[in-house]
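Below you'll find the structure, written out as structure tokens, and then a few comments.
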Amino acid sequence: MHRPVKPQDDISPLFSWKRLTKENELCFSAIGSIFGSILAEKVKYPVGVINTSMGGLSIESYLPKAEVDKNPALVDMMRSIGVYYESDKEYNNAGGRNYTQLGGVYNEKVSPLKPFSFKGAIWYLGESACCDDNRAKYYSTSLKLLIKTYRNYFSNNNLPFVVIDIAECLYPYFYNNGYNLINEANSLLNLKNVYNCPVYDVEPRWLDKEDKDIYYHPIHPRNKEEIASRTV
């Protein structure tokens, strides 16, 4: 579970291109696979999708620390919620949650993609920020920095982002109506070529499993087709 402390220049040999099949689709992003399939049929040529998602991620894992450090207000926010580390020695001390660290995904899965050219990005995350007004403000500030950083990094100031709202759910481990705060933050981004994808009219279908395990939370609906079709 150890994650590189610094942004990497090359992709791990553990990652590889795979053709989407019935056998491996459950290991991929549902939104990504449906989006790619619909788009490929629409444009009549192959579509490549790079998935950097993992279960339980928070937005700081997608942000490079070097960019965060340029924003003192964001650093203060991160310190207040305990997700900022002062030195490299503090990194990789979260055990099985190391991948959620500041820069944990960026260093390993995003930074090596610099040679690639992208047509767009889909952002579908926010459940970890469903706590209160302060966490929602932190999420909004972080997402704006993420979009700006990625556009600069991939040398495309007009790189389109589709920001999908999170499902309507009364999260028992966070503020009950926190999803409204996150979705409101998404709708107020007001950035060029950033498109908010609402899901309030899509009735969520949850996994047929009760939430008895503290580590299991049914926050991801099963019915992704309607949501994914809106991203094309």
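A note on labels: chains of the structure tokens are A, B, ... as shown, every chain counts residues from 1, and ligands are counted from 1 in their shown order.
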
Rows by chain and residue number, region 41-95 of chain A within 10 Å of region 1-12 of chain A, shortest pair, only C-alpha atoms, as a tab-separated table:
```
residue	atom	partner	partner_atom	distance
A:Pro64	CA	A:Pro7	CA	7.6
A:Lys65	CA	A:Lys6	CA	8.8
A:Ala66	CA	A:Lys6	CA	9.6
A:Ser87	CA	A:Val5	CA	9.9
A:Asp88	CA	A:Val5	CA	6.7
A:Lys89	CA	A:Val5	CA	9.3
A:Glu90	CA	A:Val5	CA	9.9
A:Tyr91	CA	A:Val5	CA	6.8
A:Asn92	CA	A:His2	CA	5.8
A:Asn93	CA	A:His2	CA	8.7
A:Ala94	CA	A:Met1	CA	9.1
A:Gly95	CA	A:Met1	CA	6.8
```

What would the file look like if the residues just selected were written as a PDB file, in the first residue's frame with all heavy atoms?
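Dumped everything to result-v6.pdb:
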```
ATOM      1  N   PRO A  64      -1.346  17.392  -6.561  1.00  0.00           N
ATOM      2  CA  PRO A  64       0.090  17.379  -6.264  1.00  0.00           C
ATOM      3  C   PRO A  64       0.403  18.331  -5.115  1.00  0.00           C
ATOM      4  O   PRO A  64      -0.104  19.462  -5.070  1.00  0.00           O
ATOM      5  CB  PRO A  64       0.719  17.869  -7.579  1.00  0.00           C
ATOM      6  CG  PRO A  64      -0.351  18.660  -8.254  1.00  0.00           C
ATOM      7  CD  PRO A  64      -1.653  18.040  -7.849  1.00  0.00           C
ATOM      8  N   LYS A  65       1.209  17.882  -4.198  1.00  0.00           N
ATOM      9  CA  LYS A  65       1.536  18.692  -3.017  1.00  0.00           C
ATOM     10  C   LYS A  65       2.187  20.011  -3.410  1.00  0.00           C
ATOM     11  O   LYS A  65       1.962  21.049  -2.769  1.00  0.00           O
ATOM     12  CB  LYS A  65       2.449  17.916  -2.084  1.00  0.00           C
ATOM     13  CG  LYS A  65       2.736  18.630  -0.759  1.00  0.00           C
ATOM     14  CD  LYS A  65       3.519  17.735   0.183  1.00  0.00           C
ATOM     15  CE  LYS A  65       3.726  18.406   1.540  1.00  0.00           C
ATOM     16  NZ  LYS A  65       4.583  19.604   1.480  1.00  0.00           N
ATOM     17  N   ALA A  66       2.987  20.007  -4.482  1.00  0.00           N
ATOM     18  CA  ALA A  66       3.679  21.229  -4.903  1.00  0.00           C
ATOM     19  C   ALA A  66       2.690  22.337  -5.239  1.00  0.00           C
ATOM     20  O   ALA A  66       2.944  23.522  -4.970  1.00  0.00           O
ATOM     21  CB  ALA A  66       4.571  20.933  -6.108  1.00  0.00           C
ATOM     22  N   SER A  87       6.221  16.882   6.099  1.00  0.00           N
ATOM     23  CA  SER A  87       7.474  16.391   5.523  1.00  0.00           C
ATOM     24  C   SER A  87       7.275  15.002   4.933  1.00  0.00           C
ATOM     25  O   SER A  87       6.277  14.329   5.200  1.00  0.00           O
ATOM     26  CB  SER A  87       8.569  16.338   6.593  1.00  0.00           C
ATOM     27  OG  SER A  87       8.276  15.329   7.541  1.00  0.00           O
ATOM     28  N   ASP A  88       8.233  14.567   4.122  1.00  0.00           N
ATOM     29  CA  ASP A  88       8.153  13.251   3.500  1.00  0.00           C
ATOM     30  C   ASP A  88       8.133  12.130   4.540  1.00  0.00           C
ATOM     31  O   ASP A  88       7.598  11.045   4.283  1.00  0.00           O
ATOM     32  CB  ASP A  88       9.342  13.044   2.550  1.00  0.00           C
ATOM     33  CG  ASP A  88       9.283  13.977   1.344  1.00  0.00           C
ATOM     34  OD1 ASP A  88       8.219  14.615   1.150  1.00  0.00           O
ATOM     35  OD2 ASP A  88      10.287  14.077   0.618  1.00  0.00           O
ATOM     36  N   LYS A  89       8.700  12.391   5.727  1.00  0.00           N
ATOM     37  CA  LYS A  89       8.744  11.366   6.764  1.00  0.00           C
ATOM     38  C   LYS A  89       7.350  11.014   7.276  1.00  0.00           C
ATOM     39  O   LYS A  89       7.151   9.933   7.841  1.00  0.00           O
ATOM     40  CB  LYS A  89       9.622  11.845   7.925  1.00  0.00           C
ATOM     41  CG  LYS A  89      11.100  11.946   7.571  1.00  0.00           C
ATOM     42  CD  LYS A  89      11.926  12.390   8.774  1.00  0.00           C
ATOM     43  CE  LYS A  89      13.401  12.485   8.429  1.00  0.00           C
ATOM     44  NZ  LYS A  89      14.220  12.940   9.585  1.00  0.00           N
ATOM     45  N   GLU A  90       6.396  11.916   7.105  1.00  0.00           N
ATOM     46  CA  GLU A  90       5.035  11.677   7.575  1.00  0.00           C
ATOM     47  C   GLU A  90       4.208  10.894   6.561  1.00  0.00           C
ATOM     48  O   GLU A  90       3.079  10.499   6.850  1.00  0.00           O
ATOM     49  CB  GLU A  90       4.342  13.009   7.869  1.00  0.00           C
ATOM     50  CG  GLU A  90       4.999  13.824   8.961  1.00  0.00           C
ATOM     51  CD  GLU A  90       4.333  15.171   9.141  1.00  0.00           C
ATOM     52  OE1 GLU A  90       3.143  15.295   8.804  1.00  0.00           O
ATOM     53  OE2 GLU A  90       4.998  16.102   9.611  1.00  0.00           O
ATOM     54  N   TYR A  91       4.793  10.660   5.377  1.00  0.00           N
ATOM     55  CA  TYR A  91       4.056   9.995   4.301  1.00  0.00           C
ATOM     56  C   TYR A  91       4.048   8.485   4.511  1.00  0.00           C
ATOM     57  O   TYR A  91       4.965   7.913   5.109  1.00  0.00           O
ATOM     58  CB  TYR A  91       4.712  10.334   2.967  1.00  0.00           C
ATOM     59  CG  TYR A  91       3.762  10.378   1.793  1.00  0.00           C
ATOM     60  CD1 TYR A  91       2.715  11.285   1.756  1.00  0.00           C
ATOM     61  CD2 TYR A  91       3.917   9.521   0.714  1.00  0.00           C
ATOM     62  CE1 TYR A  91       1.849  11.344   0.683  1.00  0.00           C
ATOM     63  CE2 TYR A  91       3.059   9.572  -0.373  1.00  0.00           C
ATOM     64  CZ  TYR A  91       2.020  10.486  -0.379  1.00  0.00           C
ATOM     65  OH  TYR A  91       1.155  10.524  -1.446  1.00  0.00           O
ATOM     66  N   ASN A  92       3.011   7.815   4.004  1.00  0.00           N
ATOM     67  CA  ASN A  92       2.870   6.357   4.082  1.00  0.00           C
ATOM     68  C   ASN A  92       2.800   5.839   5.512  1.00  0.00           C
ATOM     69  O   ASN A  92       3.348   4.786   5.837  1.00  0.00           O
ATOM     70  CB  ASN A  92       4.013   5.663   3.324  1.00  0.00           C
ATOM     71  CG  ASN A  92       3.803   5.703   1.820  1.00  0.00           C
ATOM     72  OD1 ASN A  92       2.679   5.560   1.332  1.00  0.00           O
ATOM     73  ND2 ASN A  92       4.871   5.918   1.074  1.00  0.00           N
ATOM     74  N   ASN A  93       2.104   6.570   6.357  1.00  0.00           N
ATOM     75  CA  ASN A  93       1.888   6.130   7.736  1.00  0.00           C
ATOM     76  C   ASN A  93       0.423   5.785   8.007  1.00  0.00           C
ATOM     77  O   ASN A  93       0.028   5.625   9.155  1.00  0.00           O
ATOM     78  CB  ASN A  93       2.331   7.231   8.716  1.00  0.00           C
ATOM     79  CG  ASN A  93       3.836   7.393   8.748  1.00  0.00           C
ATOM     80  OD1 ASN A  93       4.579   6.421   8.652  1.00  0.00           O
ATOM     81  ND2 ASN A  93       4.294   8.628   8.869  1.00  0.00           N
ATOM     82  N   ALA A  94      -0.363   5.670   6.930  1.00  0.00           N
ATOM     83  CA  ALA A  94      -1.791   5.410   7.101  1.00  0.00           C
ATOM     84  C   ALA A  94      -2.162   3.965   6.792  1.00  0.00           C
ATOM     85  O   ALA A  94      -3.344   3.634   6.683  1.00  0.00           O
ATOM     86  CB  ALA A  94      -2.598   6.361   6.209  1.00  0.00           C
ATOM     87  N   GLY A  95      -1.171   3.108   6.633  1.00  0.00           N
ATOM     88  CA  GLY A  95      -1.444   1.692   6.384  1.00  0.00           C
ATOM     89  C   GLY A  95      -2.259   1.477   5.128  1.00  0.00           C
ATOM     90  O   GLY A  95      -1.896   1.931   4.046  1.00  0.00           O
TER      91      GLY A  95
END
```

Please run DSSP on the backbone and report, as a list of chain:residue names, all residues within chain A that come out as strand (DSSP E or B). A:Ala121, A:Ile122, A:Trp123, A:Phe161, A:Val162, A:Val163, A:Ile164, A:Val194, A:Tyr195, A:Asn196, A:Cys197

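Remark: for Gly48 (chain A), the closest of the candidate residues A:Gly120, A:Ala73, A:Asn223, A:Tyr62 is A:Gly120 (distances computed over only C-alpha atoms).
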
For Thr100 (chain A): contacts at 8 Å, only C-alpha atoms, fewer than 6 positions along chain excluded, given as an MDAnalysis selection string: chainID A and resid 56:58 60:61

Could the residues in this selection be written to a file with C-alpha atoms, as a tab-separated table (two decimals), in the first residue's frame?
```tsv
chain	number	residue	atom	x	y	z
A	56	GLY	CA	-12.70	5.24	-0.83
A	57	LEU	CA	-10.67	8.01	-2.46
A	58	SER	CA	-10.77	11.65	-1.38
A	60	GLU	CA	-6.60	15.45	-1.96
A	61	SER	CA	-5.21	12.18	-3.32
```

Contact residues around Ser229 (chain A) with only C-alpha atoms at 10 Å, ignoring same-chain residues under 2 positions, as a VMD selection string: chain A and resid 31 34 to 39 224 to 227 231 to 232

Output for the residues just chosen: N, CA, C and O atoms as a PDB file, in the first residue's frame:
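Output saved as part_37.pdb:
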```pdb
ATOM      1  N   ILE A  31     -18.753   3.817 -15.029  1.00  0.00           N
ATOM      2  CA  ILE A  31     -18.975   5.043 -15.795  1.00  0.00           C
ATOM      3  C   ILE A  31     -18.028   5.093 -16.987  1.00  0.00           C
ATOM      4  O   ILE A  31     -18.430   5.406 -18.117  1.00  0.00           O
ATOM      5  N   ILE A  34     -18.968   2.346 -19.791  1.00  0.00           N
ATOM      6  CA  ILE A  34     -20.195   2.677 -20.517  1.00  0.00           C
ATOM      7  C   ILE A  34     -19.982   3.912 -21.388  1.00  0.00           C
ATOM      8  O   ILE A  34     -20.394   3.959 -22.549  1.00  0.00           O
ATOM      9  N   PHE A  35     -19.316   4.919 -20.827  1.00  0.00           N
ATOM     10  CA  PHE A  35     -18.996   6.129 -21.584  1.00  0.00           C
ATOM     11  C   PHE A  35     -18.197   5.787 -22.841  1.00  0.00           C
ATOM     12  O   PHE A  35     -18.515   6.230 -23.947  1.00  0.00           O
ATOM     13  N   GLY A  36     -17.136   4.977 -22.673  1.00  0.00           N
ATOM     14  CA  GLY A  36     -16.295   4.610 -23.809  1.00  0.00           C
ATOM     15  C   GLY A  36     -17.055   3.855 -24.878  1.00  0.00           C
ATOM     16  O   GLY A  36     -16.866   4.086 -26.077  1.00  0.00           O
ATOM     17  N   SER A  37     -17.930   2.944 -24.452  1.00  0.00           N
ATOM     18  CA  SER A  37     -18.710   2.150 -25.409  1.00  0.00           C
ATOM     19  C   SER A  37     -19.674   3.031 -26.205  1.00  0.00           C
ATOM     20  O   SER A  37     -19.783   2.915 -27.431  1.00  0.00           O
ATOM     21  N   ILE A  38     -20.360   3.930 -25.505  1.00  0.00           N
ATOM     22  CA  ILE A  38     -21.308   4.818 -26.188  1.00  0.00           C
ATOM     23  C   ILE A  38     -20.580   5.751 -27.149  1.00  0.00           C
ATOM     24  O   ILE A  38     -21.007   5.951 -28.299  1.00  0.00           O
ATOM     25  N   LEU A  39     -19.463   6.325 -26.689  1.00  0.00           N
ATOM     26  CA  LEU A  39     -18.721   7.263 -27.527  1.00  0.00           C
ATOM     27  C   LEU A  39     -18.138   6.574 -28.753  1.00  0.00           C
ATOM     28  O   LEU A  39     -18.153   7.122 -29.865  1.00  0.00           O
ATOM     29  N   LYS A 224     -25.774   2.706 -13.481  1.00  0.00           N
ATOM     30  CA  LYS A 224     -24.861   3.732 -13.981  1.00  0.00           C
ATOM     31  C   LYS A 224     -25.144   4.137 -15.433  1.00  0.00           C
ATOM     32  O   LYS A 224     -24.580   5.122 -15.917  1.00  0.00           O
ATOM     33  N   GLU A 225     -25.994   3.361 -16.135  1.00  0.00           N
ATOM     34  CA  GLU A 225     -26.175   3.619 -17.569  1.00  0.00           C
ATOM     35  C   GLU A 225     -26.686   5.033 -17.851  1.00  0.00           C
ATOM     36  O   GLU A 225     -26.158   5.740 -18.715  1.00  0.00           O
ATOM     37  N   GLU A 226     -27.711   5.448 -17.116  1.00  0.00           N
ATOM     38  CA  GLU A 226     -28.295   6.768 -17.343  1.00  0.00           C
ATOM     39  C   GLU A 226     -27.295   7.868 -17.046  1.00  0.00           C
ATOM     40  O   GLU A 226     -27.195   8.856 -17.763  1.00  0.00           O
ATOM     41  N   ILE A 227     -26.515   7.689 -15.986  1.00  0.00           N
ATOM     42  CA  ILE A 227     -25.517   8.692 -15.607  1.00  0.00           C
ATOM     43  C   ILE A 227     -24.418   8.764 -16.664  1.00  0.00           C
ATOM     44  O   ILE A 227     -24.044   9.836 -17.120  1.00  0.00           O
ATOM     45  N   THR A 231     -22.613  11.848 -19.945  1.00  0.00           N
ATOM     46  CA  THR A 231     -21.251  12.369 -20.032  1.00  0.00           C
ATOM     47  C   THR A 231     -20.731  12.441 -21.457  1.00  0.00           C
ATOM     48  O   THR A 231     -19.682  13.016 -21.704  1.00  0.00           O
ATOM     49  N   VAL A 232     -21.431  11.842 -22.396  1.00  0.00           N
ATOM     50  CA  VAL A 232     -20.938  11.768 -23.784  1.00  0.00           C
ATOM     51  C   VAL A 232     -21.196  13.091 -24.499  1.00  0.00           C
ATOM     52  O   VAL A 232     -22.308  13.606 -24.471  1.00  0.00           O
TER      53      VAL A 232
END
```

Which of region 1-185 of chain A DSSP labels helix (DSSP H, G or I), written as a VMD selection string: chain A and resid 25 to 27 30 to 43 59 to 62 65 to 68 72 to 81 88 to 90 95 to 100 104 to 113 127 to 129 133 to 153 178 to 185

What separation in Å, quoted to one decimal, exists between CA of Ala129 (chain A) and CA of Glu168 (chain A)?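 Between CA of Ala129 (chain A) and CA of Glu168 (chain A) the gap is 14.0 Å.
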
To one decimal place, how far is CA of Leu181 (chain A) from CA of Lys137 (chain A) in Å? 8.7 Å

Nearest to Ala228 (chain A): which of A:Phe161, A:Tyr124, A:Phe154, A:Tyr139 is it, counting only C-alpha atoms?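 Closest residue, counting only C-alpha atoms: A:Tyr124.
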
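Considering only C-alpha atoms, the residue among A:Ile166, A:Ala121, A:Cys27, A:Val199 positioned nearest to Leu146 (chain A) is A:Ala121.
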
Between CA of Lys119 (chain A) and CA of Asn183 (chain A), distance in Å (one decimal):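 Straight-line distance from CA of Lys119 (chain A) to CA of Asn183 (chain A) works out to 24.2 Å.
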
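With only C-alpha atoms taken into account, the protein and nucleic acid residues at most 10 Å from Met54 (chain A) (excluding it and anything under 5 positions from it in its own chain) are Phe28, Ser29, Tyr99, Thr100 and Val105 of chain A.
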
Export, as a compact mmCIF listing (two decimals), in the first residue's frame, the selected residues with N, CA and C atoms.
```txt
# COMPACT_ATOMS: atom_id res chain seq x y z
N PHE A 28 -13.13 -2.56 -13.73
CA PHE A 28 -12.95 -1.24 -14.32
C PHE A 28 -14.03 -0.30 -13.80
N SER A 29 -13.96 0.95 -14.21
CA SER A 29 -14.98 1.94 -13.86
C SER A 29 -16.24 1.71 -14.68
N TYR A 99 -3.27 5.16 0.05
CA TYR A 99 -3.62 5.66 -1.28
C TYR A 99 -4.49 6.91 -1.22
N THR A 100 -5.05 7.22 -0.03
CA THR A 100 -5.89 8.42 0.09
C THR A 100 -5.07 9.66 0.45
N VAL A 105 -2.68 9.39 -5.41
CA VAL A 105 -3.05 8.94 -6.75
C VAL A 105 -2.30 9.75 -7.81
```
